[in-house]
$ cat work.cif   # mmCIF, C-alpha atoms
data_structure
#
loop_
_atom_site.group_PDB
_atom_site.id
_atom_site.type_symbol
_atom_site.label_atom_id
_atom_site.label_comp_id
_atom_site.auth_asym_id
_atom_site.auth_seq_id
_atom_site.Cartn_x
_atom_site.Cartn_y
_atom_site.Cartn_z
ATOM 1 C CA MET A 1 26.440 10.836 -14.020
ATOM 2 C CA ASN A 2 28.785 12.686 -11.683
ATOM 3 C CA ASP A 3 27.081 15.975 -12.560
ATOM 4 C CA TYR A 4 23.910 14.848 -10.764
ATOM 5 C CA LYS A 5 23.549 15.482 -7.033
ATOM 6 C CA ASP A 6 21.024 16.354 -4.341
ATOM 7 C CA ILE A 7 17.637 14.884 -3.556
ATOM 8 C CA TRP A 8 14.549 16.849 -4.559
ATOM 9 C CA ILE A 9 10.909 16.638 -3.687
ATOM 10 C CA PHE A 10 7.935 18.094 -5.544
ATOM 11 C CA ALA A 11 6.314 20.339 -2.920
ATOM 12 C CA GLU A 12 2.690 19.922 -3.994
ATOM 13 C CA GLN A 13 0.455 22.761 -2.869
ATOM 14 C CA ARG A 14 -3.188 23.441 -3.475
ATOM 15 C CA ASN A 15 -4.715 26.872 -2.981
ATOM 16 C CA GLY A 16 -1.518 28.021 -1.294
ATOM 17 C CA LYS A 17 -1.441 25.193 1.262
ATOM 18 C CA LEU A 18 1.203 22.473 1.296
ATOM 19 C CA MET A 19 -0.168 18.945 1.008
ATOM 20 C CA ASN A 20 0.595 16.585 3.896
ATOM 21 C CA VAL A 21 2.398 14.195 1.570
ATOM 22 C CA ALA A 22 4.863 16.955 0.668
ATOM 23 C CA ILE A 23 5.907 17.180 4.325
ATOM 24 C CA GLU A 24 6.090 13.379 4.527
ATOM 25 C CA ILE A 25 8.404 12.943 1.527
ATOM 26 C CA LEU A 26 10.434 15.952 2.653
ATOM 27 C CA GLY A 27 11.201 14.109 5.888
ATOM 28 C CA GLU A 28 12.219 10.999 3.937
ATOM 29 C CA ALA A 29 14.346 13.059 1.541
ATOM 30 C CA ARG A 30 16.124 14.584 4.534
ATOM 31 C CA LYS A 31 17.061 11.119 5.839
ATOM 32 C CA LEU A 32 18.265 9.943 2.423
ATOM 33 C CA ALA A 33 20.235 13.149 1.809
ATOM 34 C CA ASP A 34 21.941 12.940 5.208
ATOM 35 C CA LYS A 35 22.933 9.348 4.366
ATOM 36 C CA LYS A 36 24.505 10.483 1.077
ATOM 37 C CA GLY A 37 25.863 13.805 2.390
ATOM 38 C CA VAL A 38 23.947 15.952 -0.138
ATOM 39 C CA ASN A 39 21.352 18.729 -0.016
ATOM 40 C CA VAL A 40 17.566 18.488 -0.075
ATOM 41 C CA GLY A 41 15.797 20.606 -2.688
ATOM 42 C CA ALA A 42 12.064 21.379 -2.721
ATOM 43 C CA VAL A 43 10.383 22.396 -5.970
ATOM 44 C CA LEU A 44 7.570 24.882 -5.375
ATOM 45 C CA ILE A 45 5.383 25.752 -8.356
ATOM 46 C CA GLY A 46 2.396 28.084 -8.629
ATOM 47 C CA HIS A 47 1.601 31.764 -8.430
ATOM 48 C CA ASN A 48 2.153 33.883 -5.304
ATOM 49 C CA VAL A 49 3.260 30.826 -3.320
ATOM 50 C CA GLU A 50 6.800 31.890 -2.414
ATOM 51 C CA ASN A 51 5.658 32.429 1.187
ATOM 52 C CA LEU A 52 5.635 28.616 1.549
ATOM 53 C CA SER A 53 9.421 28.529 1.125
ATOM 54 C CA LYS A 54 10.005 29.256 4.814
ATOM 55 C CA ASP A 55 7.790 26.313 5.774
ATOM 56 C CA LEU A 56 9.703 23.983 3.448
ATOM 57 C CA ILE A 57 13.041 25.093 4.903
ATOM 58 C CA SER A 58 11.701 24.614 8.450
ATOM 59 C CA PHE A 59 10.649 21.071 7.520
ATOM 60 C CA GLY A 60 14.100 20.154 6.155
ATOM 61 C CA ALA A 61 14.756 21.681 2.726
ATOM 62 C CA ASP A 62 18.179 23.244 2.142
ATOM 63 C CA ILE A 63 17.176 24.873 -1.142
ATOM 64 C CA VAL A 64 13.703 25.841 -2.365
ATOM 65 C CA TYR A 65 13.344 26.267 -6.124
ATOM 66 C CA VAL A 66 10.408 28.582 -6.826
ATOM 67 C CA VAL A 67 8.753 28.724 -10.237
ATOM 68 C CA ASP A 68 6.205 31.536 -10.074
ATOM 69 C CA ASN A 69 3.991 32.309 -13.041
ATOM 70 C CA PRO A 70 0.305 33.332 -13.347
ATOM 71 C CA LEU A 71 -0.082 30.542 -15.915
ATOM 72 C CA LEU A 72 0.797 28.077 -13.146
ATOM 73 C CA SER A 73 -1.913 29.279 -10.731
ATOM 74 C CA ASN A 74 -3.847 26.070 -11.362
ATOM 75 C CA TYR A 75 -2.292 22.687 -12.040
ATOM 76 C CA THR A 76 -1.929 21.669 -15.662
ATOM 77 C CA THR A 77 0.124 18.707 -16.784
ATOM 78 C CA GLU A 78 1.924 20.585 -19.558
ATOM 79 C CA GLY A 79 2.773 23.669 -17.507
ATOM 80 C CA TYR A 80 4.054 21.860 -14.423
ATOM 81 C CA ALA A 81 5.898 19.208 -16.465
ATOM 82 C CA LYS A 82 7.741 21.866 -18.448
ATOM 83 C CA ALA A 83 8.649 23.837 -15.311
ATOM 84 C CA ILE A 84 10.101 20.839 -13.454
ATOM 85 C CA SER A 85 11.807 19.400 -16.539
ATOM 86 C CA GLU A 86 13.565 22.692 -17.300
ATOM 87 C CA LEU A 87 14.551 23.052 -13.666
ATOM 88 C CA ALA A 88 15.957 19.509 -13.534
ATOM 89 C CA LYS A 89 17.950 20.031 -16.732
ATOM 90 C CA GLU A 90 19.492 23.175 -15.246
ATOM 91 C CA TYR A 91 20.352 21.927 -11.735
ATOM 92 C CA LYS A 92 20.600 18.138 -12.312
ATOM 93 C CA PRO A 93 19.141 16.495 -9.161
ATOM 94 C CA GLU A 94 20.084 12.856 -8.599
ATOM 95 C CA VAL A 95 16.651 11.954 -7.173
ATOM 96 C CA ILE A 96 13.165 13.507 -7.445
ATOM 97 C CA LEU A 97 10.332 12.295 -5.191
ATOM 98 C CA TYR A 98 6.628 13.026 -5.735
ATOM 99 C CA GLY A 99 3.577 12.245 -3.613
ATOM 100 C CA ALA A 100 1.409 9.565 -5.220
ATOM 101 C CA THR A 101 -1.582 11.912 -5.329
ATOM 102 C CA PHE A 102 -3.787 12.438 -8.379
ATOM 103 C CA ILE A 103 -1.452 15.247 -9.434
ATOM 104 C CA GLY A 104 1.773 13.379 -8.632
ATOM 105 C CA ARG A 105 0.629 10.278 -10.507
ATOM 106 C CA ASP A 106 -0.235 12.406 -13.525
ATOM 107 C CA LEU A 107 2.847 14.612 -13.437
ATOM 108 C CA ALA A 108 5.758 12.248 -12.681
ATOM 109 C CA PRO A 109 5.394 10.017 -15.798
ATOM 110 C CA ARG A 110 5.337 13.091 -18.074
ATOM 111 C CA ILE A 111 8.554 14.366 -16.512
ATOM 112 C CA ALA A 112 10.167 10.920 -16.697
ATOM 113 C CA SER A 113 9.392 10.864 -20.415
ATOM 114 C CA ARG A 114 10.771 14.366 -20.975
ATOM 115 C CA LEU A 115 13.974 13.575 -19.061
ATOM 116 C CA MET A 116 14.330 10.098 -20.606
ATOM 117 C CA THR A 117 14.601 8.429 -17.213
ATOM 118 C CA GLY A 118 12.765 5.783 -15.184
ATOM 119 C CA LEU A 119 9.983 6.072 -12.641
ATOM 120 C CA THR A 120 8.909 3.706 -9.873
ATOM 121 C CA ALA A 121 5.278 4.349 -8.946
ATOM 122 C CA ASP A 122 3.535 4.047 -5.586
ATOM 123 C CA CYS A 123 6.579 3.310 -3.422
ATOM 124 C CA THR A 124 6.136 2.303 0.205
ATOM 125 C CA GLY A 125 9.827 2.261 1.149
ATOM 126 C CA LEU A 126 13.009 4.115 0.121
ATOM 127 C CA ASP A 127 16.652 3.661 1.032
ATOM 128 C CA ILE A 128 20.180 4.144 -0.304
ATOM 129 C CA ASP A 129 22.368 1.122 -1.147
ATOM 130 C CA GLU A 130 26.118 0.744 -0.657
ATOM 131 C CA ASN A 131 26.760 2.310 -4.087
ATOM 132 C CA GLY A 132 24.570 5.324 -3.427
ATOM 133 C CA LEU A 133 21.687 4.138 -5.606
ATOM 134 C CA LEU A 134 18.088 4.757 -4.567
ATOM 135 C CA LEU A 135 16.310 1.569 -3.474
ATOM 136 C CA GLN A 136 12.637 1.923 -4.366
ATOM 137 C CA THR A 137 10.313 -0.623 -2.755
ATOM 138 C CA ARG A 138 6.698 -1.102 -3.829
ATOM 139 C CA PRO A 139 4.036 -3.857 -3.872
ATOM 140 C CA ALA A 140 4.091 -6.151 -6.906
ATOM 141 C CA PHE A 141 2.022 -9.003 -8.318
ATOM 142 C CA GLY A 142 -1.229 -7.815 -6.794
ATOM 143 C CA GLY A 143 0.347 -7.046 -3.452
ATOM 144 C CA ASN A 144 1.620 -10.571 -2.852
ATOM 145 C CA LEU A 145 5.287 -9.561 -3.132
ATOM 146 C CA MET A 146 7.372 -6.490 -2.352
ATOM 147 C CA ALA A 147 9.761 -5.512 -5.170
ATOM 148 C CA THR A 148 12.839 -3.310 -4.703
ATOM 149 C CA ILE A 149 13.782 -1.456 -7.876
ATOM 150 C CA LYS A 150 16.973 0.392 -8.876
ATOM 151 C CA CYS A 151 17.558 2.834 -11.728
ATOM 152 C CA PRO A 152 21.350 2.541 -12.270
ATOM 153 C CA ASP A 153 21.758 4.010 -15.761
ATOM 154 C CA LYS A 154 19.542 7.097 -15.953
ATOM 155 C CA ARG A 155 19.217 10.304 -13.949
ATOM 156 C CA PRO A 156 17.365 11.566 -12.080
ATOM 157 C CA GLN A 157 16.042 8.515 -10.246
ATOM 158 C CA MET A 158 12.329 9.187 -9.703
ATOM 159 C CA SER A 159 9.615 7.776 -7.468
ATOM 160 C CA THR A 160 6.077 8.545 -6.460
ATOM 161 C CA VAL A 161 5.440 7.787 -2.772
ATOM 162 C CA ARG A 162 2.124 6.713 -1.346
ATOM 163 C CA PRO A 163 0.610 9.251 1.113
ATOM 164 C CA GLY A 164 0.644 8.184 4.751
ATOM 165 C CA VAL A 165 3.599 5.807 4.407
ATOM 166 C CA MET A 166 6.395 8.130 5.551
ATOM 167 C CA LYS A 167 6.455 10.048 8.822
ATOM 168 C CA ARG A 168 5.977 13.796 8.572
ATOM 169 C CA ALA A 169 9.152 15.851 8.865
ATOM 170 C CA ILE A 170 9.643 17.577 12.210
ATOM 171 C CA ARG A 171 9.456 21.356 12.002
ATOM 172 C CA ASP A 172 12.492 23.367 13.087
ATOM 173 C CA ASP A 173 12.035 27.108 12.640
ATOM 174 C CA THR A 174 15.716 27.755 13.410
ATOM 175 C CA ARG A 175 16.831 26.144 10.130
ATOM 176 C CA ASP A 176 18.308 28.281 7.356
ATOM 177 C CA GLY A 177 18.006 27.652 3.654
ATOM 178 C CA LYS A 178 18.295 29.245 0.252
ATOM 179 C CA VAL A 179 15.520 30.252 -2.149
ATOM 180 C CA ILE A 180 16.228 30.185 -5.882
ATOM 181 C CA LYS A 181 13.705 31.741 -8.254
ATOM 182 C CA PHE A 182 13.629 30.046 -11.643
ATOM 183 C CA ASP A 183 12.064 31.367 -14.842
ATOM 184 C CA ALA A 184 10.845 28.329 -16.770
ATOM 185 C CA ASP A 185 9.675 30.558 -19.655
ATOM 186 C CA ILE A 186 6.094 29.244 -19.580
ATOM 187 C CA ASN A 187 3.868 30.607 -22.343
ATOM 188 C CA GLU A 188 0.194 30.119 -23.126
ATOM 189 C CA SER A 189 1.179 28.014 -26.128
ATOM 190 C CA ASP A 190 2.859 25.514 -23.746
ATOM 191 C CA ILE A 191 -0.460 24.704 -22.061
ATOM 192 C CA ARG A 192 -2.961 22.976 -24.301
ATOM 193 C CA THR A 193 -5.508 22.428 -21.528
ATOM 194 C CA LYS A 194 -7.660 25.453 -20.726
ATOM 195 C CA ILE A 195 -9.338 25.512 -17.302
ATOM 196 C CA LEU A 196 -12.734 27.163 -17.654
ATOM 197 C CA SER A 197 -13.935 26.595 -14.087
ATOM 198 C CA ILE A 198 -13.143 24.493 -11.025
ATOM 199 C CA ALA A 199 -15.968 22.638 -9.256
ATOM 200 C CA LYS A 200 -15.297 20.921 -5.945
ATOM 201 C CA GLU A 201 -17.054 17.619 -5.562
ATOM 202 C CA ALA A 202 -19.322 17.452 -2.536
ATOM 203 C CA LYS A 203 -18.308 14.031 -1.274
ATOM 204 C CA ASN A 204 -17.809 12.848 2.278
ATOM 205 C CA VAL A 205 -14.608 10.844 1.898
ATOM 206 C CA VAL A 206 -13.184 9.196 5.000
ATOM 207 C CA ASN A 207 -9.726 10.518 5.910
ATOM 208 C CA LEU A 208 -8.022 7.342 7.082
ATOM 209 C CA GLU A 209 -4.466 8.644 6.679
ATOM 210 C CA GLU A 210 -4.894 11.293 9.377
ATOM 211 C CA ALA A 211 -7.181 9.393 11.785
ATOM 212 C CA ASP A 212 -5.943 8.629 15.305
ATOM 213 C CA ILE A 213 -8.384 5.743 15.780
ATOM 214 C CA ILE A 214 -9.521 3.287 13.096
ATOM 215 C CA VAL A 215 -11.955 0.394 13.560
ATOM 216 C CA SER A 216 -11.750 -1.932 10.564
ATOM 217 C CA GLY A 217 -14.021 -4.722 9.433
ATOM 218 C CA GLY A 218 -13.040 -7.822 7.481
ATOM 219 C CA ARG A 219 -14.835 -10.730 5.911
ATOM 220 C CA GLY A 220 -15.717 -11.961 9.413
ATOM 221 C CA ILE A 221 -18.415 -9.299 9.761
ATOM 222 C CA GLY A 222 -20.509 -11.447 7.414
ATOM 223 C CA GLY A 223 -21.959 -8.824 5.059
ATOM 224 C CA PRO A 224 -22.544 -5.106 4.489
ATOM 225 C CA ASP A 225 -24.804 -4.839 7.544
ATOM 226 C CA GLY A 226 -21.860 -5.936 9.676
ATOM 227 C CA PHE A 227 -20.352 -2.498 9.233
ATOM 228 C CA ASN A 228 -23.160 -1.048 11.376
ATOM 229 C CA ILE A 229 -21.605 -2.390 14.553
ATOM 230 C CA ILE A 230 -18.111 -1.437 13.311
ATOM 231 C CA LYS A 231 -19.301 2.157 12.820
ATOM 232 C CA GLU A 232 -20.974 2.153 16.240
ATOM 233 C CA LEU A 233 -17.686 1.207 17.902
ATOM 234 C CA ALA A 234 -15.780 3.747 15.807
ATOM 235 C CA ASP A 235 -18.242 6.489 16.743
ATOM 236 C CA VAL A 236 -18.070 5.819 20.461
ATOM 237 C CA LEU A 237 -14.267 5.960 20.261
ATOM 238 C CA GLY A 238 -14.235 9.071 18.067
ATOM 239 C CA GLY A 239 -12.628 7.130 15.229
ATOM 240 C CA VAL A 240 -13.340 6.245 11.613
ATOM 241 C CA VAL A 241 -14.241 3.032 9.791
ATOM 242 C CA GLY A 242 -11.658 1.066 7.827
ATOM 243 C CA ALA A 243 -12.059 -2.104 5.798
ATOM 244 C CA SER A 244 -10.167 -5.020 4.312
ATOM 245 C CA ARG A 245 -9.837 -5.508 0.560
ATOM 246 C CA ALA A 246 -12.144 -8.533 0.697
ATOM 247 C CA THR A 247 -15.061 -6.445 1.971
ATOM 248 C CA VAL A 248 -14.454 -3.745 -0.638
ATOM 249 C CA ASP A 249 -14.181 -6.314 -3.435
ATOM 250 C CA ALA A 250 -17.458 -7.833 -2.210
ATOM 251 C CA GLY A 251 -19.154 -4.439 -2.483
ATOM 252 C CA TRP A 252 -19.935 -4.229 1.244
ATOM 253 C CA ILE A 253 -18.296 -0.767 1.604
ATOM 254 C CA THR A 254 -16.732 1.847 -0.657
ATOM 255 C CA SER A 255 -13.048 1.726 -1.599
ATOM 256 C CA ASP A 256 -12.139 4.955 0.244
ATOM 257 C CA HIS A 257 -12.332 2.864 3.462
ATOM 258 C CA GLN A 258 -9.849 0.241 2.258
ATOM 259 C CA VAL A 259 -6.648 -0.290 4.263
ATOM 260 C CA GLY A 260 -3.764 -2.236 2.757
ATOM 261 C CA GLN A 261 -1.231 -2.319 -0.046
ATOM 262 C CA THR A 262 -3.883 -1.692 -2.667
ATOM 263 C CA GLY A 263 -5.782 0.673 -0.386
ATOM 264 C CA LYS A 264 -4.529 3.280 2.063
ATOM 265 C CA THR A 265 -1.510 3.072 4.333
ATOM 266 C CA VAL A 266 -2.372 4.254 7.853
ATOM 267 C CA ARG A 267 -0.574 4.846 11.127
ATOM 268 C CA PRO A 268 -3.265 5.636 13.768
ATOM 269 C CA LYS A 269 -2.614 5.569 17.504
ATOM 270 C CA LEU A 270 -5.201 2.740 17.834
ATOM 271 C CA TYR A 271 -6.203 0.196 15.180
ATOM 272 C CA ILE A 272 -8.945 -2.329 15.948
ATOM 273 C CA ALA A 273 -9.170 -5.180 13.431
ATOM 274 C CA CYS A 274 -12.555 -6.912 13.603
ATOM 275 C CA GLY A 275 -13.047 -10.177 11.741
ATOM 276 C CA ILE A 276 -9.832 -9.591 9.778
ATOM 277 C CA SER A 277 -7.617 -12.642 9.311
ATOM 278 C CA GLY A 278 -4.373 -10.717 8.775
ATOM 279 C CA ALA A 279 -3.398 -11.190 5.128
ATOM 280 C CA ILE A 280 -0.020 -9.744 4.124
ATOM 281 C CA GLN A 281 -1.750 -7.228 1.881
ATOM 282 C CA HIS A 282 -3.726 -5.826 4.825
ATOM 283 C CA LEU A 283 -0.860 -5.946 7.345
ATOM 284 C CA ALA A 284 1.349 -3.870 5.040
ATOM 285 C CA GLY A 285 -1.152 -1.030 5.255
ATOM 286 C CA MET A 286 -1.650 -0.915 9.037
ATOM 287 C CA SER A 287 1.391 -2.482 10.698
ATOM 288 C CA ASN A 288 2.773 0.956 11.678
ATOM 289 C CA SER A 289 -0.229 1.615 13.942
ATOM 290 C CA GLY A 290 0.572 2.561 17.539
ATOM 291 C CA THR A 291 -1.537 -0.094 19.264
ATOM 292 C CA ILE A 292 -3.233 -2.944 17.401
ATOM 293 C CA VAL A 293 -6.236 -4.794 18.838
ATOM 294 C CA ALA A 294 -7.567 -7.876 17.030
ATOM 295 C CA ILE A 295 -11.004 -9.450 17.481
ATOM 296 C CA ASN A 296 -11.459 -12.767 15.723
ATOM 297 C CA LYS A 297 -13.126 -16.063 16.634
ATOM 298 C CA ASN A 298 -10.314 -18.023 14.950
ATOM 299 C CA PRO A 299 -7.476 -18.335 17.510
ATOM 300 C CA ASP A 300 -5.062 -19.244 14.699
ATOM 301 C CA ALA A 301 -5.737 -16.122 12.645
ATOM 302 C CA PRO A 302 -2.400 -14.530 11.585
ATOM 303 C CA ILE A 303 -3.567 -11.117 12.816
ATOM 304 C CA PHE A 304 -2.926 -12.233 16.405
ATOM 305 C CA LYS A 305 0.829 -12.492 15.691
ATOM 306 C CA PHE A 306 0.902 -8.762 15.006
ATOM 307 C CA ALA A 307 -1.659 -7.529 17.534
ATOM 308 C CA ASP A 308 -0.713 -5.961 20.862
ATOM 309 C CA TYR A 309 -3.994 -7.208 22.311
ATOM 310 C CA GLY A 310 -6.078 -10.097 21.005
ATOM 311 C CA ILE A 311 -9.660 -11.074 21.784
ATOM 312 C CA VAL A 312 -10.719 -14.548 20.629
ATOM 313 C CA GLY A 313 -14.470 -14.499 20.233
ATOM 314 C CA ASP A 314 -17.503 -13.628 18.141
ATOM 315 C CA LEU A 315 -17.187 -9.942 17.250
ATOM 316 C CA PHE A 316 -20.975 -9.544 17.404
ATOM 317 C CA LYS A 317 -20.837 -10.516 21.093
ATOM 318 C CA VAL A 318 -17.520 -8.820 21.950
ATOM 319 C CA ILE A 319 -18.091 -5.393 20.358
ATOM 320 C CA PRO A 320 -21.421 -4.587 22.152
ATOM 321 C CA VAL A 321 -19.714 -5.290 25.482
ATOM 322 C CA LEU A 322 -16.811 -3.042 24.505
ATOM 323 C CA ILE A 323 -19.206 -0.268 23.505
ATOM 324 C CA GLU A 324 -21.073 -0.431 26.808
ATOM 325 C CA GLU A 325 -17.847 -0.407 28.835
ATOM 326 C CA ILE A 326 -16.472 2.553 26.855
ATOM 327 C CA LYS A 327 -19.705 4.486 27.417
ATOM 328 C CA LYS A 328 -19.429 3.883 31.182
ATOM 329 C CA LEU A 329 -15.958 5.429 31.156
ATOM 330 C CA LYS A 330 -17.191 8.613 29.504
#

$ encode --input "work.cif" --output "structure tokens"
Amino acid sequence: MNDYKDIWIFAEQRNGKLMNVAIEILGEARKLADKKGVNVGAVLIGHNVENLSKDLISFGADIVYVVDNPLLSNYTTEGYAKAISELAKEYKPEVILYGATFIGRDLAPRIASRLMTGLTADCTGLDIDENGLLLQTRPAFGGNLMATIKCPDKRPQMSTVRPGVMKRAIRDDTRDGKVIKFDADINESDIRTKILSIAKEAKNVVNLEEADIIVSGGRGIGGPDGFNIIKELADVLGGVVGASRATVDAGWITSDHQVGQTGKTVRPKLYIACGISGAIQHLAGMSNSGTIVAINKNPDAPIFKFADYGIVGDLFKVIPVLIEEIKKLK
């Protein structure tokens, strides 16, 4: 156990560009490492991506481990899992964090299996306890409880972290760091999946995690047509449309709009909750918003306890007035 040290992150990149979640978990790793007095390592995998090392050091990495191989140009589970597993066996990190993206959720369990260690998926909070163990907090029992999980007997301790939960690391171009190139000895026989072509899906998916303004609708909008007025308010504010789980479960709007523990975690500058009661599941996904405005005709709705500004009234009467007043100010 004493041979394991340092906190690593998987620096996910696509087409030579670092994913936002990599910068987010790098910032969290920096805080955890400073608390333990250890280094932060960033694992960078791909082909011709070493130029991203400087960015990772500027965002808080002390050491960047680069695995460069033409066979790793595109993500494959077998290739990436072997590279990170071999790297971890050589340098023995105490913690490895991954973004809970499609790739992170596919990759982390394979590595956990190869390293015979545990994995806590979809974490929304991380900390270090008095004994130096990683505290991994995530929703449990359908989002009704928050569970904090420890991995005391195996190393490395591993977590995937939901995008948008952690604050991005602050860039400091004066930082120095070390780059270590690692040959994971990847061969074609290691990769059973052959990529014949890559087709990007033409889909207009709402980007809630990076929006500055979100207008969300809950069951109080009455039905799918209720989102028309929500979208109108979002448009006039230059924002995007969010939704509660109840409206998604009812089929009123697609799941990529869902905010909450089982949806997306957001931190916009302005969050307007329309007809949303304020269930714990929803609050956990938007409580880090800069300013929260609640519109609900029920004065006892729990959302008002968390809102900076509350409007008690029928949203179908309140929102048109808001829209007209906002237009006058433009």

$ closest_residue --input "work.cif" --among "A:Ile63, A:Ala121, A:Ile57, A:Val236" --to "Asp172 of chain A" --atoms "all atoms listed in the file"
A:Ile57

$ resolve_selection --input "work.cif" --expression "the PyMOL selection byres ((chain A and resi 311) around 7)" --output "list of chain:residue names"
A:Ala294, A:Ile295, A:Asn296, A:Tyr309, A:Gly310, A:Val312, A:Gly313

$ resolve_selection --input "work.cif" --expression "the PyMOL selection byres ((chain A and resi 77-88) around 10)" --output "PyMOL selection string"
chain A and resi 4+8+10+43-46+65-69+71-76+89-96+103-104+106-115+155-156+182-193

$ resolve_selection --input "work.cif" --expression "the PyMOL selection byres ((chain A and resi 262-274) around 8)" --output "PyMOL selection string"
chain A and resi 142-143+162-165+208-218+220-221+230+245+255-261+275-276+281+284-296+315

$ atom_distance --input "work.cif" --atom1 "atom CA of Ile25 of chain A" --atom2 "atom CA of Ala246 of chain A"
29.7 Å

$ residues_near_point --input "work.cif" --point "(13.2, 22.3, 11.5)" --cutoff "12 Å" --atoms "all atoms listed in the file" --output "PyMOL selection string"
chain A and resi 23+26-27+30+54-62+168-177
